[in-house]
Every structure is written in structure tokens, then in C-alpha cells.
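Notes to accompany the following structure.
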Amino acid sequence: MTSVSRQVKVELHVSRSFKAMLEDAGAWQEWCLDFLEAGAKHLVGGHEDETPSASAIGRHFTRSNKERYGFAPLSPKYAKRKRKLVGNKPILVFSGKWKKAALDAKVLRRGKQVVLKPRRKPDYADYLEKGTKTMPARPAFTLNAEDRRGLGKFWNRYLKDSTGELASAMVGDLERVV
């Protein structure tokens, strides 16, 4: 059984003097982890001015997710059965267990990485993420272009707020999120 996980690559240009300053203080690695942790929390609406349902991952569970994320439609037979059992809920939502687990994700530091891990995820979450022979993948933990742009904008604001204008100039804008 595979597990739900995705990697986000970040390309950030930092001036040598800024990196040297943090390395001299022994804070370079911690600063990088803080930066990644803030982004992971943002993806699930984990900051005080954010809500999980409006977060990047939260939007994957909305009614507009088919158009926004290109999820394949449900098969006519399953769509009819689902409507009969639970009404007209979005594609990724049947009981709500996967949505609840995804929006209640833990942000963990593991060595030089930051991991976003859903809590108490139902066993079928992996099938939704990766798909099966008969069902296309409908990944809630995969960022689309809109999500990556939003994460890039968040990190640019985070840099200005956490390091101040002078240090932000030394760091530069986030180049891209892949």
C-alpha cells in the first residue's frame, strides 16, 4: 500500500551575504525549515488568519473542484448511487472522512524536510490520490498551477513579514514552486 505524499520543490534565490549571515549565526537550516513549515501550514489553512476550507487543499473538496482541478467526472452509475445515498456532494466527498483528515493535517519536521501528513486518513484516501485500474486519480494533495502561484505569493509575503524589507531584498522573490 502506498501512502499519500507529495513533494513541492522550491526555487529561492538568496544573496550570499544573507546566507552567510544566517550560517554565521547557526540559523540557516532553521530559517529554511521555518520557511517550509509556514508554506505547509498555509496549504491547509493553518495560520491564524486562514481557514482550512479556504486553503489550497480545502478548495480541492469544493463543488467547483471538477472545473478547477480537472478531476474526471464520476461514472454515471456511481454518481446516481452517490446522489441517492448522500445527496449532491462534491467529487471527493462522500462521508467527509477524507476531507476532515486532509484539513487536519500535521506539519512535521523530519531532518532537513517538512512533511504535511493527514491525520487519521481513511484507507481509501490512497486510492483517491493515486487512482486504481477502474478509477482515475483525484488527488487532493497535489498542487495545481493556481495552488503553486498562491503558495509563491504567500511565501513572498512571508519573507517580507518575517525578515523585513532589507532582508527581503537580500533574499529576492520566490522564483517558482514546482
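Each chain of the C-alpha cells is named A, B, ... in the order shown, its residues numbered from 1; ligands are numbered from 1 in display order.
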
Quick one: residues within 8 Å of segment 108-122 of chain A, only C-alpha atoms, excluding same-chain residues fewer than 5 positions away - as a PyMOL selection string? chain A and resi 4-5+29+33+36-37+40+97-98+101-103

For the helix (DSSP H, G or I) assignment from backbone DSSP, which residues of segment 4-151 of chain A qualify? Please present them as a PyMOL selection string. chain A and resi 16-24+28-43+52-54+56-59+65-69+76-86+97-103+125-130+145-151

Record the distance separating atom CA of Trp31 of chain A and atom CA of Arg59 of chain A, expressed in Å with one decimal.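 Rounded to one decimal, the two atoms are 28.7 Å apart.
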
Atom CA of Ser162 of chain A to atom CA of Glu50 of chain A, straight-line distance in Å: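 Taking atom CA of Glu50 of chain A as the start and atom CA of Ser162 of chain A as the end point, the length is 17.3 Å.
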
Where in chain A does DSSP assign strand (DSSP E), given as a PyMOL selection string? chain A and resi 10-12+106-110+113-117+174-177

Since we have the selection now, will you write its residues out, keeping C-alpha atoms, as a compact mmCIF listing (two decimals), in the first residue's frame?
```txt
# COMPACT_ATOMS: atom_id res chain seq x y z
CA VAL A 10 11.01 25.47 -4.17
CA GLU A 11 13.46 27.62 -6.11
CA LEU A 12 14.51 30.55 -3.96
CA LYS A 106 0.04 17.59 10.81
CA VAL A 107 3.11 19.57 9.81
CA LEU A 108 6.17 17.58 10.85
CA ARG A 109 9.87 18.34 10.65
CA ARG A 110 11.88 15.31 9.61
CA GLN A 113 12.42 18.22 5.36
CA VAL A 114 8.98 19.43 6.33
CA VAL A 115 6.21 16.88 5.84
CA LEU A 116 2.48 17.53 5.63
CA LYS A 117 0.70 14.38 6.82
CA LEU A 174 10.45 33.35 -4.90
CA GLU A 175 11.28 32.18 -8.38
CA ARG A 176 8.94 29.27 -8.72
CA VAL A 177 7.15 26.49 -6.91
```

Would you pick out the contacts of segment 123-125 of chain A at 12 Å or less, using only C-alpha atoms, so that residues sharing its chain but fewer than 5 positions from it are not included, and give the list as a PyMOL selection string? chain A and resi 1-5+92-102+118+130-132+135+137-141

Go through A:Cys32, A:Ile91, A:Leu143, A:Val44 and flag the residue nearest Ala72 of chain A, using only C-alpha atoms for the distances.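 Among the listed residues, A:Ile91 lies closest to Ala72 of chain A.
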
Need to verify the contact set: Leu151 of chain A, 9 Å, only C-alpha atoms, exclusion of same-chain residues closer than 6 positions in sequence. Can you return it as a list in words? Gly39, His42, Leu43, Ala56 and Val177 of chain A

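What separates atom CA of Ala38 of chain A from atom CA of Ala105 of chain A is a distance of 13.4 Å.
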